[in-house]
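Novice: For reference, the structure I am asking about is given below.
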Amino acid sequence: MPRPTLCRFVETTPNATYFKPRGIPASSLTELRLALEELEALRLADMEGLTAIEAASHMRVSRHTFGRILQKARQKAATALCTGQALRIEGGHYSLAEDVTARPGFSGRIAVSCTGPTPDSVVAERFGRAGGFLLVDLPEMSASYMDNAGSQASGMEAGIATVRALAEAKVSVVLGSVIGPKVFAALREAGISVCLDVSGSVRQVVDRFCKGELPFADAPNRD
């Protein structure tokens with residue numbers, strides 16, 4: 001069974017959503033549909049001139065996922081221009097980045113590294129060695145506990161195995177205390193955003209996240 005497509009983040013919706021060859025009635029044209037995340041990939045790479053890594057970070061997807069989105073977008077745009085088809089911009093799997101910053105509009109699954117299976121458990125300090133994660137689906141606030149099997153792996157593999165498990169669980173955001181550079185890079189590659197330096201109970205940090213009090217980290221907080 002294929003994995004569901006994860007949400008991609010775009011900065012804003014376009015002012016114009018339909019383009020067609022001049023002088024030809026729309027009824028006489030075939031259409032190509034460009035998803036909003038595909039338009040965002042074109043904007044970041046070809047208008048803003050960002051690297052694949054930079055653009056992927058903006059959209060909160062892996063570099064490889066960004067590359068696939070950009071390739072599809074360029075192919076559609078070139079096909080429309082070269083064959084005289086109309087281009088309609090609509091739909092896709094996306095959320096506005098501004099909606100994620102204003103956390104009351106956030107929809108997705110967050111994972112909190114914790115020392116126990118309840119909302120009153122304390123946030124675990126070590127990400128890869130955390131006993132488990134409380135997975136919270138927003139805005140429903142439904143929660144489930146995921147045991148961290150990756151904690152038994154050796155060395156750095158503990159953190160990497162944990163990232164794989166969170167990605168398979170369709171986690172969009174991790175709330176944690178301390179994360180090093182390799183694990184931070186692996187989370188970015190998996191399209192998972194991170195809030196660091198959080199402490200207290202799981203219940204408290206989820207409440208702070210929903211109020212917009214926890215900023216997304218743009219770098220690890222441990223060497």
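Chain lettering (A, B, ...) mirrors the order of the structure tokens, residue numbering begins at 1 for each chain separately, and ligand numbering begins at 1 in order of display.
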Just list as a PyMOL selection string whatever in region 75-130 of chain A DSSP marks as strand (DSSP E).
Specialist: chain A and resi 86-89+94-96+108-114
Novice: Find the residues near Leu134 (chain A): any atom within 9 Å, counting only C-alpha atoms, skip ones fewer than 6 places away on the same chain, and give them as a PDB file with N, CA, C and O atoms, in the first residue's frame.
Specialist:
```pdb
ATOM      1  N   ILE A 110       2.137  15.822  15.302  1.00  0.00           N
ATOM      2  CA  ILE A 110       3.386  16.204  15.956  1.00  0.00           C
ATOM      3  C   ILE A 110       3.812  15.063  16.874  1.00  0.00           C
ATOM      4  O   ILE A 110       2.986  14.272  17.334  1.00  0.00           O
ATOM      5  N   ALA A 111       5.114  14.969  17.099  1.00  0.00           N
ATOM      6  CA  ALA A 111       5.669  13.936  17.968  1.00  0.00           C
ATOM      7  C   ALA A 111       6.496  14.599  19.055  1.00  0.00           C
ATOM      8  O   ALA A 111       7.339  15.456  18.760  1.00  0.00           O
ATOM      9  N   VAL A 112       6.252  14.219  20.291  1.00  0.00           N
ATOM     10  CA  VAL A 112       6.988  14.776  21.427  1.00  0.00           C
ATOM     11  C   VAL A 112       7.807  13.669  22.065  1.00  0.00           C
ATOM     12  O   VAL A 112       7.249  12.648  22.499  1.00  0.00           O
ATOM     13  N   SER A 113       9.139  13.825  22.112  1.00  0.00           N
ATOM     14  CA  SER A 113       9.975  12.820  22.776  1.00  0.00           C
ATOM     15  C   SER A 113       9.691  12.880  24.271  1.00  0.00           C
ATOM     16  O   SER A 113       9.695  13.950  24.871  1.00  0.00           O
ATOM     17  N   CYS A 114       9.408  11.735  24.867  1.00  0.00           N
ATOM     18  CA  CYS A 114       8.953  11.768  26.264  1.00  0.00           C
ATOM     19  C   CYS A 114       9.460  10.572  27.052  1.00  0.00           C
ATOM     20  O   CYS A 114       9.934   9.577  26.509  1.00  0.00           O
ATOM     21  N   GLY A 116       7.484   8.874  29.189  1.00  0.00           N
ATOM     22  CA  GLY A 116       6.382   7.968  29.506  1.00  0.00           C
ATOM     23  C   GLY A 116       5.256   8.109  28.511  1.00  0.00           C
ATOM     24  O   GLY A 116       5.296   8.966  27.624  1.00  0.00           O
ATOM     25  N   PRO A 117       4.208   7.289  28.643  1.00  0.00           N
ATOM     26  CA  PRO A 117       3.169   7.211  27.619  1.00  0.00           C
ATOM     27  C   PRO A 117       1.971   8.139  27.808  1.00  0.00           C
ATOM     28  O   PRO A 117       0.990   8.014  27.087  1.00  0.00           O
ATOM     29  N   THR A 118       2.026   9.082  28.755  1.00  0.00           N
ATOM     30  CA  THR A 118       0.858   9.927  29.016  1.00  0.00           C
ATOM     31  C   THR A 118       1.178  11.395  28.763  1.00  0.00           C
ATOM     32  O   THR A 118       2.350  11.798  28.754  1.00  0.00           O
ATOM     33  N   PRO A 119       0.169  12.235  28.588  1.00  0.00           N
ATOM     34  CA  PRO A 119       0.390  13.672  28.378  1.00  0.00           C
ATOM     35  C   PRO A 119       1.102  14.348  29.544  1.00  0.00           C
ATOM     36  O   PRO A 119       1.654  15.442  29.381  1.00  0.00           O
ATOM     37  N   ALA A 143      -4.325  11.474  20.739  1.00  0.00           N
ATOM     38  CA  ALA A 143      -2.936  11.113  21.018  1.00  0.00           C
ATOM     39  C   ALA A 143      -2.758   9.602  21.086  1.00  0.00           C
ATOM     40  O   ALA A 143      -3.671   8.868  21.466  1.00  0.00           O
ATOM     41  N   SER A 144      -1.575   9.161  20.708  1.00  0.00           N
ATOM     42  CA  SER A 144      -1.205   7.751  20.837  1.00  0.00           C
ATOM     43  C   SER A 144       0.283   7.692  21.162  1.00  0.00           C
ATOM     44  O   SER A 144       1.045   8.614  20.834  1.00  0.00           O
ATOM     45  N   TYR A 145       0.695   6.609  21.798  1.00  0.00           N
ATOM     46  CA  TYR A 145       2.096   6.474  22.211  1.00  0.00           C
ATOM     47  C   TYR A 145       2.829   5.534  21.267  1.00  0.00           C
ATOM     48  O   TYR A 145       2.314   4.480  20.895  1.00  0.00           O
ATOM     49  N   MET A 146       4.026   5.934  20.836  1.00  0.00           N
ATOM     50  CA  MET A 146       4.860   5.089  19.980  1.00  0.00           C
ATOM     51  C   MET A 146       6.156   4.770  20.710  1.00  0.00           C
ATOM     52  O   MET A 146       6.929   5.667  21.051  1.00  0.00           O
ATOM     53  N   ASP A 147       6.379   3.496  20.972  1.00  0.00           N
ATOM     54  CA  ASP A 147       7.622   3.075  21.609  1.00  0.00           C
ATOM     55  C   ASP A 147       8.788   3.327  20.660  1.00  0.00           C
ATOM     56  O   ASP A 147       8.675   3.115  19.451  1.00  0.00           O
ATOM     57  N   VAL A 202       4.514  16.832  28.378  1.00  0.00           N
ATOM     58  CA  VAL A 202       4.033  16.787  26.994  1.00  0.00           C
ATOM     59  C   VAL A 202       2.827  17.700  26.839  1.00  0.00           C
ATOM     60  O   VAL A 202       2.717  18.456  25.871  1.00  0.00           O
TER      61      VAL A 202
END
```
Novice: If you take only C-alpha atoms and a cut-off of 12 Å, which residues of region 167-187 of chain A touch region 7-31 of chain A, and what are their nearest atom pairs and distances in Å to one decimal, in chain and number order, as CSV?
Specialist:
```
residue,atom,partner,partner_atom,distance
A:Lys170,CA,A:Cys7,CA,9.9
A:Val171,CA,A:Cys7,CA,10.5
A:Ser172,CA,A:Cys7,CA,8.2
A:Val173,CA,A:Cys7,CA,11.5
```
Novice: Residues of the last selection are to be written out with C-alpha atoms, as a PDB file, in the first residue's frame.
Specialist:
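Output file result_32.pdb is given in full below:
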```
ATOM      1  CA  LYS A 170       3.596  10.456   9.054  1.00  0.00           C
ATOM      2  CA  VAL A 171       4.895  12.944  11.639  1.00  0.00           C
ATOM      3  CA  SER A 172       5.143  16.560  10.395  1.00  0.00           C
ATOM      4  CA  VAL A 173       6.756  18.227  13.434  1.00  0.00           C
TER       5      VAL A 173
END
```
Novice: Name the residues of region 5-127 of chain A that come out as alpha helix (DSSP H) in a backbone DSSP run; write them as a PDB file with N, CA and C atoms, in the first residue's frame.
Specialist:
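The file below, out_17.pdb, is the result:
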```
ATOM      1  N   LEU A  36      -0.345  23.641  -6.695  1.00  0.00           N
ATOM      2  CA  LEU A  36       0.255  24.813  -6.045  1.00  0.00           C
ATOM      3  C   LEU A  36       1.667  24.536  -5.541  1.00  0.00           C
ATOM      4  N   GLU A  37       1.935  23.306  -5.089  1.00  0.00           N
ATOM      5  CA  GLU A  37       3.299  23.022  -4.640  1.00  0.00           C
ATOM      6  C   GLU A  37       4.271  22.970  -5.827  1.00  0.00           C
ATOM      7  N   GLU A  38       3.754  22.638  -7.019  1.00  0.00           N
ATOM      8  CA  GLU A  38       4.597  22.661  -8.217  1.00  0.00           C
ATOM      9  C   GLU A  38       4.931  24.100  -8.618  1.00  0.00           C
ATOM     10  N   LEU A  39       3.938  24.986  -8.529  1.00  0.00           N
ATOM     11  CA  LEU A  39       4.199  26.401  -8.787  1.00  0.00           C
ATOM     12  C   LEU A  39       5.195  26.950  -7.776  1.00  0.00           C
ATOM     13  N   GLU A  40       5.067  26.550  -6.512  1.00  0.00           N
ATOM     14  CA  GLU A  40       5.991  27.018  -5.473  1.00  0.00           C
ATOM     15  C   GLU A  40       7.413  26.561  -5.769  1.00  0.00           C
ATOM     16  N   ALA A  41       7.560  25.325  -6.258  1.00  0.00           N
ATOM     17  CA  ALA A  41       8.888  24.826  -6.607  1.00  0.00           C
ATOM     18  C   ALA A  41       9.501  25.651  -7.734  1.00  0.00           C
ATOM     19  N   LEU A  42       8.688  25.995  -8.746  1.00  0.00           N
ATOM     20  CA  LEU A  42       9.171  26.855  -9.828  1.00  0.00           C
ATOM     21  C   LEU A  42       9.589  28.223  -9.296  1.00  0.00           C
ATOM     22  N   ALA A  52      18.570  23.569  -4.378  1.00  0.00           N
ATOM     23  CA  ALA A  52      17.596  22.526  -4.062  1.00  0.00           C
ATOM     24  C   ALA A  52      17.463  22.335  -2.558  1.00  0.00           C
ATOM     25  N   ILE A  53      18.572  22.408  -1.853  1.00  0.00           N
ATOM     26  CA  ILE A  53      18.539  22.235  -0.401  1.00  0.00           C
ATOM     27  C   ILE A  53      17.784  23.384   0.264  1.00  0.00           C
ATOM     28  N   GLU A  54      18.055  24.611  -0.175  1.00  0.00           N
ATOM     29  CA  GLU A  54      17.375  25.780   0.391  1.00  0.00           C
ATOM     30  C   GLU A  54      15.878  25.747   0.106  1.00  0.00           C
ATOM     31  N   ALA A  55      15.526  25.429  -1.144  1.00  0.00           N
ATOM     32  CA  ALA A  55      14.117  25.399  -1.527  1.00  0.00           C
ATOM     33  C   ALA A  55      13.373  24.275  -0.801  1.00  0.00           C
ATOM     34  N   ALA A  56      14.021  23.118  -0.671  1.00  0.00           N
ATOM     35  CA  ALA A  56      13.402  22.005   0.043  1.00  0.00           C
ATOM     36  C   ALA A  56      13.126  22.374   1.492  1.00  0.00           C
ATOM     37  N   SER A  57      14.047  23.120   2.089  1.00  0.00           N
ATOM     38  CA  SER A  57      13.854  23.570   3.463  1.00  0.00           C
ATOM     39  C   SER A  57      12.650  24.489   3.570  1.00  0.00           C
ATOM     40  N   HIS A  58      12.474  25.387   2.593  1.00  0.00           N
ATOM     41  CA  HIS A  58      11.326  26.295   2.591  1.00  0.00           C
ATOM     42  C   HIS A  58      10.014  25.514   2.524  1.00  0.00           C
ATOM     43  N   MET A  59       9.987  24.466   1.699  1.00  0.00           N
ATOM     44  CA  MET A  59       8.760  23.688   1.523  1.00  0.00           C
ATOM     45  C   MET A  59       8.627  22.569   2.559  1.00  0.00           C
ATOM     46  N   ARG A  63      15.147  16.912  -0.096  1.00  0.00           N
ATOM     47  CA  ARG A  63      15.720  17.434  -1.344  1.00  0.00           C
ATOM     48  C   ARG A  63      15.257  16.607  -2.536  1.00  0.00           C
ATOM     49  N   HIS A  64      15.162  15.289  -2.364  1.00  0.00           N
ATOM     50  CA  HIS A  64      14.735  14.419  -3.460  1.00  0.00           C
ATOM     51  C   HIS A  64      13.265  14.669  -3.813  1.00  0.00           C
ATOM     52  N   THR A  65      12.434  14.868  -2.792  1.00  0.00           N
ATOM     53  CA  THR A  65      11.026  15.167  -3.066  1.00  0.00           C
ATOM     54  C   THR A  65      10.899  16.493  -3.791  1.00  0.00           C
ATOM     55  N   PHE A  66      11.667  17.492  -3.359  1.00  0.00           N
ATOM     56  CA  PHE A  66      11.637  18.780  -4.048  1.00  0.00           C
ATOM     57  C   PHE A  66      12.043  18.620  -5.506  1.00  0.00           C
ATOM     58  N   GLY A  67      13.072  17.822  -5.761  1.00  0.00           N
ATOM     59  CA  GLY A  67      13.524  17.612  -7.127  1.00  0.00           C
ATOM     60  C   GLY A  67      12.449  16.997  -8.003  1.00  0.00           C
ATOM     61  N   ARG A  68      11.698  16.057  -7.457  1.00  0.00           N
ATOM     62  CA  ARG A  68      10.618  15.427  -8.225  1.00  0.00           C
ATOM     63  C   ARG A  68       9.497  16.428  -8.515  1.00  0.00           C
ATOM     64  N   ILE A  69       9.151  17.246  -7.516  1.00  0.00           N
ATOM     65  CA  ILE A  69       8.102  18.253  -7.712  1.00  0.00           C
ATOM     66  C   ILE A  69       8.528  19.252  -8.778  1.00  0.00           C
ATOM     67  N   LEU A  70       9.772  19.709  -8.704  1.00  0.00           N
ATOM     68  CA  LEU A  70      10.272  20.696  -9.664  1.00  0.00           C
ATOM     69  C   LEU A  70      10.317  20.116 -11.073  1.00  0.00           C
ATOM     70  N   GLN A  71      10.737  18.868 -11.207  1.00  0.00           N
ATOM     71  CA  GLN A  71      10.800  18.240 -12.527  1.00  0.00           C
ATOM     72  C   GLN A  71       9.412  18.163 -13.169  1.00  0.00           C
ATOM     73  N   LYS A  72       8.413  17.773 -12.395  1.00  0.00           N
ATOM     74  CA  LYS A  72       7.042  17.709 -12.918  1.00  0.00           C
ATOM     75  C   LYS A  72       6.543  19.092 -13.312  1.00  0.00           C
ATOM     76  N   ALA A  73       6.852  20.100 -12.482  1.00  0.00           N
ATOM     77  CA  ALA A  73       6.391  21.458 -12.768  1.00  0.00           C
ATOM     78  C   ALA A  73       7.009  21.989 -14.060  1.00  0.00           C
ATOM     79  N   ARG A  74       8.305  21.785 -14.233  1.00  0.00           N
ATOM     80  CA  ARG A  74       8.978  22.271 -15.434  1.00  0.00           C
ATOM     81  C   ARG A  74       8.454  21.555 -16.676  1.00  0.00           C
ATOM     82  N   GLN A  75       8.191  20.257 -16.557  1.00  0.00           N
ATOM     83  CA  GLN A  75       7.675  19.498 -17.695  1.00  0.00           C
ATOM     84  C   GLN A  75       6.296  20.010 -18.112  1.00  0.00           C
ATOM     85  N   LYS A  76       5.436  20.284 -17.126  1.00  0.00           N
ATOM     86  CA  LYS A  76       4.093  20.779 -17.434  1.00  0.00           C
ATOM     87  C   LYS A  76       4.150  22.170 -18.072  1.00  0.00           C
ATOM     88  N   ALA A  77       4.977  23.046 -17.503  1.00  0.00           N
ATOM     89  CA  ALA A  77       5.085  24.405 -18.041  1.00  0.00           C
ATOM     90  C   ALA A  77       5.626  24.378 -19.467  1.00  0.00           C
ATOM     91  N   ALA A  78       6.648  23.560 -19.723  1.00  0.00           N
ATOM     92  CA  ALA A  78       7.226  23.466 -21.064  1.00  0.00           C
ATOM     93  C   ALA A  78       6.220  22.878 -22.047  1.00  0.00           C
ATOM     94  N   THR A  79       5.480  21.874 -21.621  1.00  0.00           N
ATOM     95  CA  THR A  79       4.480  21.259 -22.497  1.00  0.00           C
ATOM     96  C   THR A  79       3.401  22.263 -22.884  1.00  0.00           C
ATOM     97  N   ALA A  80       2.924  23.034 -21.898  1.00  0.00           N
ATOM     98  CA  ALA A  80       1.890  24.035 -22.180  1.00  0.00           C
ATOM     99  C   ALA A  80       2.393  25.082 -23.164  1.00  0.00           C
ATOM    100  N   LEU A  81       3.624  25.540 -22.990  1.00  0.00           N
ATOM    101  CA  LEU A  81       4.175  26.578 -23.868  1.00  0.00           C
ATOM    102  C   LEU A  81       4.443  26.043 -25.277  1.00  0.00           C
ATOM    103  N   CYS A  82       4.961  24.836 -25.360  1.00  0.00           N
ATOM    104  CA  CYS A  82       5.372  24.304 -26.661  1.00  0.00           C
ATOM    105  C   CYS A  82       4.219  23.733 -27.477  1.00  0.00           C
ATOM    106  N   THR A  83       3.143  23.316 -26.823  1.00  0.00           N
ATOM    107  CA  THR A  83       2.028  22.705 -27.553  1.00  0.00           C
ATOM    108  C   THR A  83       0.785  23.581 -27.558  1.00  0.00           C
ATOM    109  N   ALA A  97       2.424  28.344   4.457  1.00  0.00           N
ATOM    110  CA  ALA A  97       3.407  28.460   5.532  1.00  0.00           C
ATOM    111  C   ALA A  97       2.930  29.399   6.611  1.00  0.00           C
ATOM    112  N   GLU A  98       2.187  30.445   6.237  1.00  0.00           N
ATOM    113  CA  GLU A  98       1.691  31.402   7.228  1.00  0.00           C
ATOM    114  C   GLU A  98       0.688  30.745   8.165  1.00  0.00           C
ATOM    115  N   ASP A  99      -0.023  29.722   7.680  1.00  0.00           N
ATOM    116  CA  ASP A  99      -0.979  29.015   8.537  1.00  0.00           C
ATOM    117  C   ASP A  99      -0.265  28.173   9.570  1.00  0.00           C
ATOM    118  N   VAL A 100       0.940  27.684   9.216  1.00  0.00           N
ATOM    119  CA  VAL A 100       1.697  26.877  10.165  1.00  0.00           C
ATOM    120  C   VAL A 100       2.326  27.762  11.229  1.00  0.00           C
ATOM    121  N   THR A 101       2.752  28.972  10.823  1.00  0.00           N
ATOM    122  CA  THR A 101       3.304  29.902  11.809  1.00  0.00           C
ATOM    123  C   THR A 101       2.231  30.297  12.814  1.00  0.00           C
TER     124      THR A 101
END
```
Novice: From the list A:Ser177, A:Ser121, A:Ser107, A:Ser142, which residue is nearest Ser201 (chain A) when using only C-alpha atoms?
Specialist: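 Among the listed residues, the smallest separation from Ser201 (chain A) belongs to A:Ser121.
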Novice: Which value, in Å to one decimal, gives the distance between CA of Asn221 (chain A) and CA of Val178 (chain A)?
Specialist: 6.1 Å
Novice: So how far away is CA of Leu96 (chain A) from CA of Met141 (chain A), in Å?
Specialist: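 Computed distance, CA of Met141 (chain A) to CA of Leu96 (chain A), equals 20.7 Å.
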Novice: Can you tell me how far CA of Ala217 (chain A) sits from CA of Glu168 (chain A), in Å to one decimal?
Specialist: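 Computing the Euclidean distance for CA of Ala217 (chain A) and CA of Glu168 (chain A) yields 21.7 Å.
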Novice: May I ask which of the residues A:Asp137, A:Gly132, A:Ala149, A:Glu125 is the closest one to Arg222 (chain A), counting only C-alpha atoms?
Specialist: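 Residue with the minimum atom-to-atom distance to Arg222 (chain A): A:Glu125.
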Novice: Would you please work out which residue, of A:Ala158, A:Ala186, A:Ala169, A:Cys210, is nearest to Glu140 (chain A) when using only C-alpha atoms?
Specialist: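 Using only C-alpha atoms, the shortest distance to Glu140 (chain A) belongs to A:Cys210.
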